[in-house]
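Chemist: structure_15.pdb (PDB, N, CA and C atoms, pLDDT in the B column) pasted underneath:
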```
ATOM      1  N   MET A   1      14.885  -3.138   2.893  1.00 73.00           N
ATOM      2  CA  MET A   1      14.189  -4.053   2.002  1.00 73.00           C
ATOM      3  C   MET A   1      14.314  -3.531   0.567  1.00 73.00           C
ATOM      4  N   LYS A   2      14.519  -4.423  -0.353  1.00 85.00           N
ATOM      5  CA  LYS A   2      14.661  -4.051  -1.764  1.00 85.00           C
ATOM      6  C   LYS A   2      13.344  -3.505  -2.303  1.00 85.00           C
ATOM      7  N   ASP A   3      13.456  -2.604  -3.282  1.00 89.00           N
ATOM      8  CA  ASP A   3      12.266  -1.975  -3.863  1.00 89.00           C
ATOM      9  C   ASP A   3      11.353  -2.982  -4.539  1.00 89.00           C
ATOM     10  N   TYR A   4      11.943  -3.928  -5.278  1.00 90.00           N
ATOM     11  CA  TYR A   4      11.110  -4.886  -6.000  1.00 90.00           C
ATOM     12  C   TYR A   4      10.330  -5.795  -5.050  1.00 90.00           C
ATOM     13  N   ILE A   5      10.885  -6.048  -3.883  1.00 93.00           N
ATOM     14  CA  ILE A   5      10.176  -6.871  -2.896  1.00 93.00           C
ATOM     15  C   ILE A   5       8.981  -6.105  -2.345  1.00 93.00           C
ATOM     16  N   GLU A   6       9.179  -4.819  -2.072  1.00 93.00           N
ATOM     17  CA  GLU A   6       8.080  -3.987  -1.583  1.00 93.00           C
ATOM     18  C   GLU A   6       6.971  -3.886  -2.629  1.00 93.00           C
ATOM     19  N   GLU A   7       7.358  -3.695  -3.881  1.00 94.00           N
ATOM     20  CA  GLU A   7       6.372  -3.604  -4.964  1.00 94.00           C
ATOM     21  C   GLU A   7       5.603  -4.920  -5.101  1.00 94.00           C
ATOM     22  N   ARG A   8       6.315  -6.041  -5.023  1.00 96.00           N
ATOM     23  CA  ARG A   8       5.672  -7.346  -5.130  1.00 96.00           C
ATOM     24  C   ARG A   8       4.682  -7.549  -3.982  1.00 96.00           C
ATOM     25  N   ALA A   9       5.072  -7.171  -2.785  1.00 95.00           N
ATOM     26  CA  ALA A   9       4.189  -7.339  -1.628  1.00 95.00           C
ATOM     27  C   ALA A   9       2.901  -6.536  -1.799  1.00 95.00           C
ATOM     28  N   VAL A  10       3.009  -5.332  -2.317  1.00 95.00           N
ATOM     29  CA  VAL A  10       1.826  -4.488  -2.528  1.00 95.00           C
ATOM     30  C   VAL A  10       0.962  -5.068  -3.654  1.00 95.00           C
ATOM     31  N   GLU A  11       1.590  -5.540  -4.728  1.00 96.00           N
ATOM     32  CA  GLU A  11       0.846  -6.158  -5.834  1.00 96.00           C
ATOM     33  C   GLU A  11       0.086  -7.390  -5.354  1.00 96.00           C
ATOM     34  N   ILE A  12       0.758  -8.215  -4.566  1.00 97.00           N
ATOM     35  CA  ILE A  12       0.135  -9.416  -4.033  1.00 97.00           C
ATOM     36  C   ILE A  12      -1.050  -9.041  -3.150  1.00 97.00           C
ATOM     37  N   ALA A  13      -0.859  -8.050  -2.316  1.00 96.00           N
ATOM     38  CA  ALA A  13      -1.934  -7.618  -1.419  1.00 96.00           C
ATOM     39  C   ALA A  13      -3.131  -7.109  -2.210  1.00 96.00           C
ATOM     40  N   ASP A  14      -2.878  -6.295  -3.224  1.00 96.00           N
ATOM     41  CA  ASP A  14      -3.974  -5.799  -4.064  1.00 96.00           C
ATOM     42  C   ASP A  14      -4.734  -6.958  -4.702  1.00 96.00           C
ATOM     43  N   TYR A  15      -4.004  -7.932  -5.214  1.00 97.00           N
ATOM     44  CA  TYR A  15      -4.621  -9.083  -5.875  1.00 97.00           C
ATOM     45  C   TYR A  15      -5.504  -9.860  -4.899  1.00 97.00           C
ATOM     46  N   ILE A  16      -4.985 -10.107  -3.707  1.00 96.00           N
ATOM     47  CA  ILE A  16      -5.742 -10.880  -2.716  1.00 96.00           C
ATOM     48  C   ILE A  16      -6.994 -10.121  -2.294  1.00 96.00           C
ATOM     49  N   ILE A  17      -6.873  -8.824  -2.066  1.00 96.00           N
ATOM     50  CA  ILE A  17      -8.020  -8.028  -1.629  1.00 96.00           C
ATOM     51  C   ILE A  17      -9.085  -7.965  -2.722  1.00 96.00           C
ATOM     52  N   GLU A  18      -8.669  -7.751  -3.965  1.00 97.00           N
ATOM     53  CA  GLU A  18      -9.629  -7.616  -5.067  1.00 97.00           C
ATOM     54  C   GLU A  18     -10.336  -8.925  -5.397  1.00 97.00           C
ATOM     55  N   THR A  19      -9.585 -10.024  -5.421  1.00 96.00           N
ATOM     56  CA  THR A  19     -10.148 -11.291  -5.892  1.00 96.00           C
ATOM     57  C   THR A  19     -10.521 -12.252  -4.771  1.00 96.00           C
ATOM     58  N   LYS A  20     -10.169 -11.917  -3.534  1.00 95.00           N
ATOM     59  CA  LYS A  20     -10.395 -12.813  -2.387  1.00 95.00           C
ATOM     60  C   LYS A  20      -9.694 -14.154  -2.609  1.00 95.00           C
ATOM     61  N   ALA A  21      -8.537 -14.095  -3.254  1.00 94.00           N
ATOM     62  CA  ALA A  21      -7.791 -15.301  -3.619  1.00 94.00           C
ATOM     63  C   ALA A  21      -7.130 -15.946  -2.404  1.00 94.00           C
ATOM     64  N   THR A  22      -6.889 -17.243  -2.516  1.00 94.00           N
ATOM     65  CA  THR A  22      -6.166 -17.969  -1.478  1.00 94.00           C
ATOM     66  C   THR A  22      -4.667 -17.787  -1.706  1.00 94.00           C
ATOM     67  N   VAL A  23      -3.893 -18.225  -0.726  1.00 94.00           N
ATOM     68  CA  VAL A  23      -2.434 -18.146  -0.840  1.00 94.00           C
ATOM     69  C   VAL A  23      -1.954 -18.986  -2.020  1.00 94.00           C
ATOM     70  N   ARG A  24      -2.525 -20.182  -2.202  1.00 94.00           N
ATOM     71  CA  ARG A  24      -2.134 -21.051  -3.320  1.00 94.00           C
ATOM     72  C   ARG A  24      -2.439 -20.399  -4.669  1.00 94.00           C
ATOM     73  N   GLN A  25      -3.640 -19.837  -4.801  1.00 95.00           N
ATOM     74  CA  GLN A  25      -4.010 -19.191  -6.061  1.00 95.00           C
ATOM     75  C   GLN A  25      -3.081 -18.015  -6.355  1.00 95.00           C
ATOM     76  N   THR A  26      -2.758 -17.250  -5.331  1.00 96.00           N
ATOM     77  CA  THR A  26      -1.881 -16.087  -5.497  1.00 96.00           C
ATOM     78  C   THR A  26      -0.477 -16.529  -5.891  1.00 96.00           C
ATOM     79  N   ALA A  27       0.030 -17.566  -5.225  1.00 97.00           N
ATOM     80  CA  ALA A  27       1.366 -18.068  -5.539  1.00 97.00           C
ATOM     81  C   ALA A  27       1.446 -18.541  -6.987  1.00 97.00           C
ATOM     82  N   LYS A  28       0.420 -19.231  -7.435  1.00 97.00           N
ATOM     83  CA  LYS A  28       0.393 -19.725  -8.809  1.00 97.00           C
ATOM     84  C   LYS A  28       0.351 -18.563  -9.797  1.00 97.00           C
ATOM     85  N   LYS A  29      -0.458 -17.558  -9.513  1.00 96.00           N
ATOM     86  CA  LYS A  29      -0.614 -16.397 -10.406  1.00 96.00           C
ATOM     87  C   LYS A  29       0.706 -15.638 -10.567  1.00 96.00           C
ATOM     88  N   PHE A  30       1.426 -15.447  -9.450  1.00 96.00           N
ATOM     89  CA  PHE A  30       2.657 -14.660  -9.477  1.00 96.00           C
ATOM     90  C   PHE A  30       3.913 -15.497  -9.704  1.00 96.00           C
ATOM     91  N   GLY A  31       3.759 -16.822  -9.727  1.00 96.00           N
ATOM     92  CA  GLY A  31       4.909 -17.691  -9.987  1.00 96.00           C
ATOM     93  C   GLY A  31       5.916 -17.726  -8.855  1.00 96.00           C
ATOM     94  N   ILE A  32       5.423 -17.637  -7.622  1.00 96.00           N
ATOM     95  CA  ILE A  32       6.300 -17.690  -6.454  1.00 96.00           C
ATOM     96  C   ILE A  32       5.750 -18.741  -5.488  1.00 96.00           C
ATOM     97  N   SER A  33       6.487 -19.015  -4.428  1.00 97.00           N
ATOM     98  CA  SER A  33       6.061 -20.045  -3.490  1.00 97.00           C
ATOM     99  C   SER A  33       5.002 -19.524  -2.524  1.00 97.00           C
ATOM    100  N   LYS A  34       4.276 -20.469  -1.918  1.00 96.00           N
ATOM    101  CA  LYS A  34       3.271 -20.106  -0.920  1.00 96.00           C
ATOM    102  C   LYS A  34       3.936 -19.424   0.275  1.00 96.00           C
ATOM    103  N   SER A  35       5.126 -19.867   0.621  1.00 97.00           N
ATOM    104  CA  SER A  35       5.850 -19.278   1.745  1.00 97.00           C
ATOM    105  C   SER A  35       6.162 -17.814   1.491  1.00 97.00           C
ATOM    106  N   THR A  36       6.551 -17.499   0.261  1.00 96.00           N
ATOM    107  CA  THR A  36       6.863 -16.113  -0.099  1.00 96.00           C
ATOM    108  C   THR A  36       5.611 -15.255  -0.035  1.00 96.00           C
ATOM    109  N   VAL A  37       4.500 -15.769  -0.536  1.00 96.00           N
ATOM    110  CA  VAL A  37       3.239 -15.025  -0.479  1.00 96.00           C
ATOM    111  C   VAL A  37       2.884 -14.745   0.972  1.00 96.00           C
ATOM    112  N   HIS A  38       2.994 -15.765   1.801  1.00 94.00           N
ATOM    113  CA  HIS A  38       2.635 -15.615   3.203  1.00 94.00           C
ATOM    114  C   HIS A  38       3.546 -14.609   3.898  1.00 94.00           C
ATOM    115  N   LYS A  39       4.843 -14.688   3.647  1.00 95.00           N
ATOM    116  CA  LYS A  39       5.797 -13.767   4.269  1.00 95.00           C
ATOM    117  C   LYS A  39       5.550 -12.338   3.801  1.00 95.00           C
ATOM    118  N   ASP A  40       5.282 -12.172   2.497  1.00 94.00           N
ATOM    119  CA  ASP A  40       4.995 -10.835   1.970  1.00 94.00           C
ATOM    120  C   ASP A  40       3.754 -10.244   2.627  1.00 94.00           C
ATOM    121  N   CYS A  41       2.722 -11.067   2.792  1.00 92.00           N
ATOM    122  CA  CYS A  41       1.435 -10.581   3.305  1.00 92.00           C
ATOM    123  C   CYS A  41       1.437 -10.341   4.804  1.00 92.00           C
ATOM    124  N   THR A  42       2.214 -11.088   5.542  1.00 89.00           N
ATOM    125  CA  THR A  42       2.181 -10.943   6.990  1.00 89.00           C
ATOM    126  C   THR A  42       3.304 -10.039   7.502  1.00 89.00           C
ATOM    127  N   ASP A  43       4.534 -10.350   7.162  1.00 93.00           N
ATOM    128  CA  ASP A  43       5.660  -9.600   7.727  1.00 93.00           C
ATOM    129  C   ASP A  43       5.976  -8.317   6.965  1.00 93.00           C
ATOM    130  N   ARG A  44       6.267  -8.462   5.686  1.00 94.00           N
ATOM    131  CA  ARG A  44       6.740  -7.309   4.909  1.00 94.00           C
ATOM    132  C   ARG A  44       5.673  -6.240   4.732  1.00 94.00           C
ATOM    133  N   LEU A  45       4.458  -6.650   4.455  1.00 94.00           N
ATOM    134  CA  LEU A  45       3.385  -5.688   4.219  1.00 94.00           C
ATOM    135  C   LEU A  45       3.056  -4.902   5.484  1.00 94.00           C
ATOM    136  N   GLN A  46       3.242  -5.512   6.637  1.00 94.00           N
ATOM    137  CA  GLN A  46       2.988  -4.830   7.914  1.00 94.00           C
ATOM    138  C   GLN A  46       3.900  -3.608   8.048  1.00 94.00           C
ATOM    139  N   GLN A  47       5.124  -3.711   7.558  1.00 94.00           N
ATOM    140  CA  GLN A  47       6.070  -2.592   7.624  1.00 94.00           C
ATOM    141  C   GLN A  47       5.778  -1.544   6.560  1.00 94.00           C
ATOM    142  N   ILE A  48       5.289  -1.984   5.393  1.00 93.00           N
ATOM    143  CA  ILE A  48       5.060  -1.080   4.264  1.00 93.00           C
ATOM    144  C   ILE A  48       3.750  -0.316   4.414  1.00 93.00           C
ATOM    145  N   ASN A  49       2.659  -1.057   4.650  1.00 94.00           N
ATOM    146  CA  ASN A  49       1.328  -0.455   4.688  1.00 94.00           C
ATOM    147  C   ASN A  49       0.450  -1.237   5.682  1.00 94.00           C
ATOM    148  N   PRO A  50       0.433  -0.833   6.941  1.00 94.00           N
ATOM    149  CA  PRO A  50      -0.303  -1.582   7.970  1.00 94.00           C
ATOM    150  C   PRO A  50      -1.802  -1.727   7.696  1.00 94.00           C
ATOM    151  N   SER A  51      -2.438  -0.712   7.123  1.00 95.00           N
ATOM    152  CA  SER A  51      -3.879  -0.825   6.866  1.00 95.00           C
ATOM    153  C   SER A  51      -4.166  -1.855   5.773  1.00 95.00           C
ATOM    154  N   MET A  52      -3.319  -1.902   4.753  1.00 95.00           N
ATOM    155  CA  MET A  52      -3.472  -2.905   3.706  1.00 95.00           C
ATOM    156  C   MET A  52      -3.201  -4.294   4.280  1.00 95.00           C
ATOM    157  N   ALA A  53      -2.243  -4.390   5.188  1.00 95.00           N
ATOM    158  CA  ALA A  53      -1.927  -5.671   5.815  1.00 95.00           C
ATOM    159  C   ALA A  53      -3.126  -6.193   6.596  1.00 95.00           C
ATOM    160  N   ARG A  54      -3.851  -5.309   7.269  1.00 95.00           N
ATOM    161  CA  ARG A  54      -5.044  -5.736   8.008  1.00 95.00           C
ATOM    162  C   ARG A  54      -6.122  -6.235   7.054  1.00 95.00           C
ATOM    163  N   ALA A  55      -6.290  -5.561   5.916  1.00 96.00           N
ATOM    164  CA  ALA A  55      -7.298  -5.978   4.930  1.00 96.00           C
ATOM    165  C   ALA A  55      -6.961  -7.357   4.366  1.00 96.00           C
ATOM    166  N   VAL A  56      -5.698  -7.578   4.048  1.00 96.00           N
ATOM    167  CA  VAL A  56      -5.263  -8.884   3.534  1.00 96.00           C
ATOM    168  C   VAL A  56      -5.450  -9.955   4.599  1.00 96.00           C
ATOM    169  N   ARG A  57      -5.109  -9.620   5.827  1.00 95.00           N
ATOM    170  CA  ARG A  57      -5.253 -10.576   6.926  1.00 95.00           C
ATOM    171  C   ARG A  57      -6.701 -11.025   7.085  1.00 95.00           C
ATOM    172  N   SER A  58      -7.637 -10.097   6.932  1.00 96.00           N
ATOM    173  CA  SER A  58      -9.047 -10.474   7.069  1.00 96.00           C
ATOM    174  C   SER A  58      -9.472 -11.425   5.955  1.00 96.00           C
ATOM    175  N   VAL A  59      -8.996 -11.194   4.724  1.00 95.00           N
ATOM    176  CA  VAL A  59      -9.315 -12.108   3.615  1.00 95.00           C
ATOM    177  C   VAL A  59      -8.698 -13.483   3.874  1.00 95.00           C
ATOM    178  N   LEU A  60      -7.451 -13.504   4.316  1.00 93.00           N
ATOM    179  CA  LEU A  60      -6.782 -14.782   4.576  1.00 93.00           C
ATOM    180  C   LEU A  60      -7.450 -15.534   5.727  1.00 93.00           C
ATOM    181  N   ASP A  61      -7.928 -14.806   6.730  1.00 94.00           N
ATOM    182  CA  ASP A  61      -8.636 -15.458   7.837  1.00 94.00           C
ATOM    183  C   ASP A  61      -9.936 -16.092   7.362  1.00 94.00           C
ATOM    184  N   ILE A  62     -10.662 -15.395   6.493  1.00 94.00           N
ATOM    185  CA  ILE A  62     -11.898 -15.952   5.931  1.00 94.00           C
ATOM    186  C   ILE A  62     -11.586 -17.207   5.124  1.00 94.00           C
ATOM    187  N   ASN A  63     -10.533 -17.140   4.298  1.00 91.00           N
ATOM    188  CA  ASN A  63     -10.135 -18.307   3.502  1.00 91.00           C
ATOM    189  C   ASN A  63      -9.774 -19.484   4.404  1.00 91.00           C
ATOM    190  N   LYS A  64      -9.116 -19.194   5.511  1.00 90.00           N
ATOM    191  CA  LYS A  64      -8.729 -20.260   6.426  1.00 90.00           C
ATOM    192  C   LYS A  64      -9.958 -20.905   7.061  1.00 90.00           C
ATOM    193  N   GLN A  65     -10.965 -20.097   7.386  1.00 92.00           N
ATOM    194  CA  GLN A  65     -12.184 -20.638   7.978  1.00 92.00           C
ATOM    195  C   GLN A  65     -12.967 -21.492   6.985  1.00 92.00           C
ATOM    196  N   GLU A  66     -12.858 -21.183   5.702  1.00 89.00           N
ATOM    197  CA  GLU A  66     -13.644 -21.877   4.683  1.00 89.00           C
ATOM    198  C   GLU A  66     -12.906 -23.035   4.020  1.00 89.00           C
ATOM    199  N   ARG A  67     -11.637 -23.232   4.323  1.00 85.00           N
ATOM    200  CA  ARG A  67     -10.848 -24.216   3.569  1.00 85.00           C
ATOM    201  C   ARG A  67     -11.344 -25.642   3.749  1.00 85.00           C
ATOM    202  N   HIS A  68     -11.878 -25.986   4.901  1.00 89.00           N
ATOM    203  CA  HIS A  68     -12.366 -27.356   5.088  1.00 89.00           C
ATOM    204  C   HIS A  68     -13.599 -27.610   4.219  1.00 89.00           C
ATOM    205  N   ILE A  69     -14.371 -26.570   3.963  1.00 90.00           N
ATOM    206  CA  ILE A  69     -15.547 -26.709   3.100  1.00 90.00           C
ATOM    207  C   ILE A  69     -15.107 -26.918   1.655  1.00 90.00           C
ATOM    208  N   ARG A  70     -14.135 -26.110   1.203  1.00 86.00           N
ATOM    209  CA  ARG A  70     -13.626 -26.257  -0.170  1.00 86.00           C
ATOM    210  C   ARG A  70     -12.991 -27.634  -0.365  1.00 86.00           C
ATOM    211  N   GLY A  71     -12.286 -28.117   0.646  1.00 88.00           N
ATOM    212  CA  GLY A  71     -11.673 -29.438   0.554  1.00 88.00           C
ATOM    213  C   GLY A  71     -12.717 -30.534   0.444  1.00 88.00           C
ATOM    214  N   GLY A  72     -13.788 -30.411   1.202  1.00 91.00           N
ATOM    215  CA  GLY A  72     -14.868 -31.392   1.139  1.00 91.00           C
ATOM    216  C   GLY A  72     -15.554 -31.381  -0.211  1.00 91.00           C
ATOM    217  N   MET A  73     -15.744 -30.199  -0.784  1.00 89.00           N
ATOM    218  CA  MET A  73     -16.379 -30.100  -2.100  1.00 89.00           C
ATOM    219  C   MET A  73     -15.486 -30.710  -3.170  1.00 89.00           C
ATOM    220  N   ALA A  74     -14.186 -30.496  -3.065  1.00 89.00           N
ATOM    221  CA  ALA A  74     -13.255 -31.070  -4.043  1.00 89.00           C
ATOM    222  C   ALA A  74     -13.256 -32.593  -3.965  1.00 89.00           C
ATOM    223  N   THR A  75     -13.289 -33.127  -2.757  1.00 92.00           N
ATOM    224  CA  THR A  75     -13.335 -34.579  -2.579  1.00 92.00           C
ATOM    225  C   THR A  75     -14.634 -35.142  -3.149  1.00 92.00           C
ATOM    226  N   ARG A  76     -15.726 -34.448  -2.910  1.00 91.00           N
ATOM    227  CA  ARG A  76     -17.028 -34.890  -3.427  1.00 91.00           C
ATOM    228  C   ARG A  76     -16.997 -34.946  -4.955  1.00 91.00           C
ATOM    229  N   GLU A  77     -16.472 -33.902  -5.567  1.00 90.00           N
ATOM    230  CA  GLU A  77     -16.373 -33.860  -7.038  1.00 90.00           C
ATOM    231  C   GLU A  77     -15.494 -34.999  -7.556  1.00 90.00           C
ATOM    232  N   LYS A  78     -14.414 -35.265  -6.858  1.00 90.00           N
ATOM    233  CA  LYS A  78     -13.497 -36.331  -7.268  1.00 90.00           C
ATOM    234  C   LYS A  78     -14.226 -37.667  -7.336  1.00 90.00           C
ATOM    235  N   TYR A  79     -14.984 -37.989  -6.294  1.00 91.00           N
ATOM    236  CA  TYR A  79     -15.646 -39.280  -6.244  1.00 91.00           C
ATOM    237  C   TYR A  79     -16.893 -39.339  -7.111  1.00 91.00           C
ATOM    238  N   LEU A  80     -17.512 -38.197  -7.402  1.00 88.00           N
ATOM    239  CA  LEU A  80     -18.629 -38.192  -8.332  1.00 88.00           C
ATOM    240  C   LEU A  80     -18.173 -38.555  -9.744  1.00 88.00           C
ATOM    241  N   HIS A  81     -16.981 -38.125 -10.109  1.00 85.00           N
ATOM    242  CA  HIS A  81     -16.480 -38.364 -11.456  1.00 85.00           C
ATOM    243  C   HIS A  81     -15.752 -39.694 -11.604  1.00 85.00           C
ATOM    244  N   LEU A  82     -15.460 -40.357 -10.512  1.00 83.00           N
ATOM    245  CA  LEU A  82     -14.772 -41.664 -10.577  1.00 83.00           C
ATOM    246  C   LEU A  82     -15.666 -42.733 -11.205  1.00 83.00           C
ATOM    247  N   GLY A  83     -16.957 -42.665 -10.987  1.00 71.00           N
ATOM    248  CA  GLY A  83     -17.870 -43.670 -11.496  1.00 71.00           C
ATOM    249  C   GLY A  83     -18.142 -43.566 -12.981  1.00 71.00           C
ATOM    250  N   GLU A  84     -17.732 -42.493 -13.585  1.00 68.00           N
ATOM    251  CA  GLU A  84     -18.012 -42.274 -15.030  1.00 68.00           C
ATOM    252  C   GLU A  84     -17.061 -43.031 -15.916  1.00 68.00           C
TER
END
```
Take the structure I supplied and represent it as structure tokens, if you would.
Modeler:
Amino acid sequence: MKDYIEERAVEIADYIIETKATVRQTAKKFGISKSTVHKDCTDRLQQINPSMARAVRSVLDINKQERHIRGGMATREKYLHLGE
């Protein structure tokens, strides 16, 4: 694996752990695709630093459990502002 890919995977993992960011937020911040973020966090990071990979996985699992709530709140906000 190339050095810059390993460095990017670790940077992404640090960002997700510190900010509890979603895959979309992380992809936007780093200017890469959601697929790349996901691959870095699941596959590549497991080979580089397994303990960090577990920490990232727990944050991503929490985000996955909460995504339907965030989606509902966004829809609610959308329709609240339509009447204005």
Chemist: Applying the PyMOL selection byres (((chain A and resi 60 and name CA) around 12) and name CA) to the file I just gave you, which residues come out? Please list them as a PyMOL selection string.
Modeler: chain A and resi 13+16-17+19-26+37-38+41-42+53-59+61-67
Chemist: Looking at A:Val10, A:Met73, A:Ala27, A:Met1, which one is nearest to Asn49 in chain A, with distances taken over only N, CA and C atoms?
Modeler: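 Among the listed residues, the smallest separation from Asn49 in chain A belongs to A:Val10.
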Chemist: Where does DSSP see alpha helix (DSSP H) in chain A, if you list the residues as a ChimeraX atom specification?
Modeler: /A:3-19,23-30,34-39,45-48,50-82
Chemist: Go ahead and fit an axis-aligned box to every listed atom of range 15-23 of chain A plus 3 Å each side, and pass me the centre and edge lengths in Å, one decimal, as lines of an AutoDock Vina configuration file.
Modeler:
```
center_x = -6.2
center_y = -13.3
center_z = -3.3
size_x = 14.6
size_y = 17.4
size_z = 11.2
```
Chemist: Which one is closest to Lys34 in chain A: A:Leu80, A:Ile12, A:Met52, A:Gln46? Count only C-alpha atoms.
Modeler: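 The answer is A:Ile12, which sits nearest to Lys34 in chain A.
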Chemist: Could you tell me which residues the PyMOL selection byres (((chain A and resi 5 and name CA) around 12) and name CA) grabs in this file, written as a list in words?
Modeler: Met1, Lys2, Asp3, Tyr4, Glu6, Glu7, Arg8, Ala9, Val10, Glu11, Ile12, Thr36, Val37, Lys39, Asp40, Cys41, Asp43, Arg44, Leu45 and Ile48 of chain A
Chemist: Could you take the residues named above and write them with N, CA and C atoms, as an mmCIF file, in the coordinates of the input?
Modeler:
```cif
data_model
loop_
_atom_site.group_PDB
_atom_site.id
_atom_site.type_symbol
_atom_site.label_atom_id
_atom_site.label_comp_id
_atom_site.auth_asym_id
_atom_site.auth_seq_id
_atom_site.Cartn_x
_atom_site.Cartn_y
_atom_site.Cartn_z
ATOM 1 N N MET A 1 14.885 -3.138 2.893
ATOM 2 C CA MET A 1 14.189 -4.053 2.002
ATOM 3 C C MET A 1 14.314 -3.531 0.567
ATOM 4 N N LYS A 2 14.519 -4.423 -0.353
ATOM 5 C CA LYS A 2 14.661 -4.051 -1.764
ATOM 6 C C LYS A 2 13.344 -3.505 -2.303
ATOM 7 N N ASP A 3 13.456 -2.604 -3.282
ATOM 8 C CA ASP A 3 12.266 -1.975 -3.863
ATOM 9 C C ASP A 3 11.353 -2.982 -4.539
ATOM 10 N N TYR A 4 11.943 -3.928 -5.278
ATOM 11 C CA TYR A 4 11.110 -4.886 -6.000
ATOM 12 C C TYR A 4 10.330 -5.795 -5.050
ATOM 13 N N GLU A 6 9.179 -4.819 -2.072
ATOM 14 C CA GLU A 6 8.080 -3.987 -1.583
ATOM 15 C C GLU A 6 6.971 -3.886 -2.629
ATOM 16 N N GLU A 7 7.358 -3.695 -3.881
ATOM 17 C CA GLU A 7 6.372 -3.604 -4.964
ATOM 18 C C GLU A 7 5.603 -4.920 -5.101
ATOM 19 N N ARG A 8 6.315 -6.041 -5.023
ATOM 20 C CA ARG A 8 5.672 -7.346 -5.130
ATOM 21 C C ARG A 8 4.682 -7.549 -3.982
ATOM 22 N N ALA A 9 5.072 -7.171 -2.785
ATOM 23 C CA ALA A 9 4.189 -7.339 -1.628
ATOM 24 C C ALA A 9 2.901 -6.536 -1.799
ATOM 25 N N VAL A 10 3.009 -5.332 -2.317
ATOM 26 C CA VAL A 10 1.826 -4.488 -2.528
ATOM 27 C C VAL A 10 0.962 -5.068 -3.654
ATOM 28 N N GLU A 11 1.590 -5.540 -4.728
ATOM 29 C CA GLU A 11 0.846 -6.158 -5.834
ATOM 30 C C GLU A 11 0.086 -7.390 -5.354
ATOM 31 N N ILE A 12 0.758 -8.215 -4.566
ATOM 32 C CA ILE A 12 0.135 -9.416 -4.033
ATOM 33 C C ILE A 12 -1.050 -9.041 -3.150
ATOM 34 N N THR A 36 6.551 -17.499 0.261
ATOM 35 C CA THR A 36 6.863 -16.113 -0.099
ATOM 36 C C THR A 36 5.611 -15.255 -0.035
ATOM 37 N N VAL A 37 4.500 -15.769 -0.536
ATOM 38 C CA VAL A 37 3.239 -15.025 -0.479
ATOM 39 C C VAL A 37 2.884 -14.745 0.972
ATOM 40 N N LYS A 39 4.843 -14.688 3.647
ATOM 41 C CA LYS A 39 5.797 -13.767 4.269
ATOM 42 C C LYS A 39 5.550 -12.338 3.801
ATOM 43 N N ASP A 40 5.282 -12.172 2.497
ATOM 44 C CA ASP A 40 4.995 -10.835 1.970
ATOM 45 C C ASP A 40 3.754 -10.244 2.627
ATOM 46 N N CYS A 41 2.722 -11.067 2.792
ATOM 47 C CA CYS A 41 1.435 -10.581 3.305
ATOM 48 C C CYS A 41 1.437 -10.341 4.804
ATOM 49 N N ASP A 43 4.534 -10.350 7.162
ATOM 50 C CA ASP A 43 5.660 -9.600 7.727
ATOM 51 C C ASP A 43 5.976 -8.317 6.965
ATOM 52 N N ARG A 44 6.267 -8.462 5.686
ATOM 53 C CA ARG A 44 6.740 -7.309 4.909
ATOM 54 C C ARG A 44 5.673 -6.240 4.732
ATOM 55 N N LEU A 45 4.458 -6.650 4.455
ATOM 56 C CA LEU A 45 3.385 -5.688 4.219
ATOM 57 C C LEU A 45 3.056 -4.902 5.484
ATOM 58 N N ILE A 48 5.289 -1.984 5.393
ATOM 59 C CA ILE A 48 5.060 -1.080 4.264
ATOM 60 C C ILE A 48 3.750 -0.316 4.414
#
```
Chemist: Rounded to one decimal place, report the CA of Ile69 in chain A-CA of His81 in chain A distance in Å.
Modeler: 18.7 Å
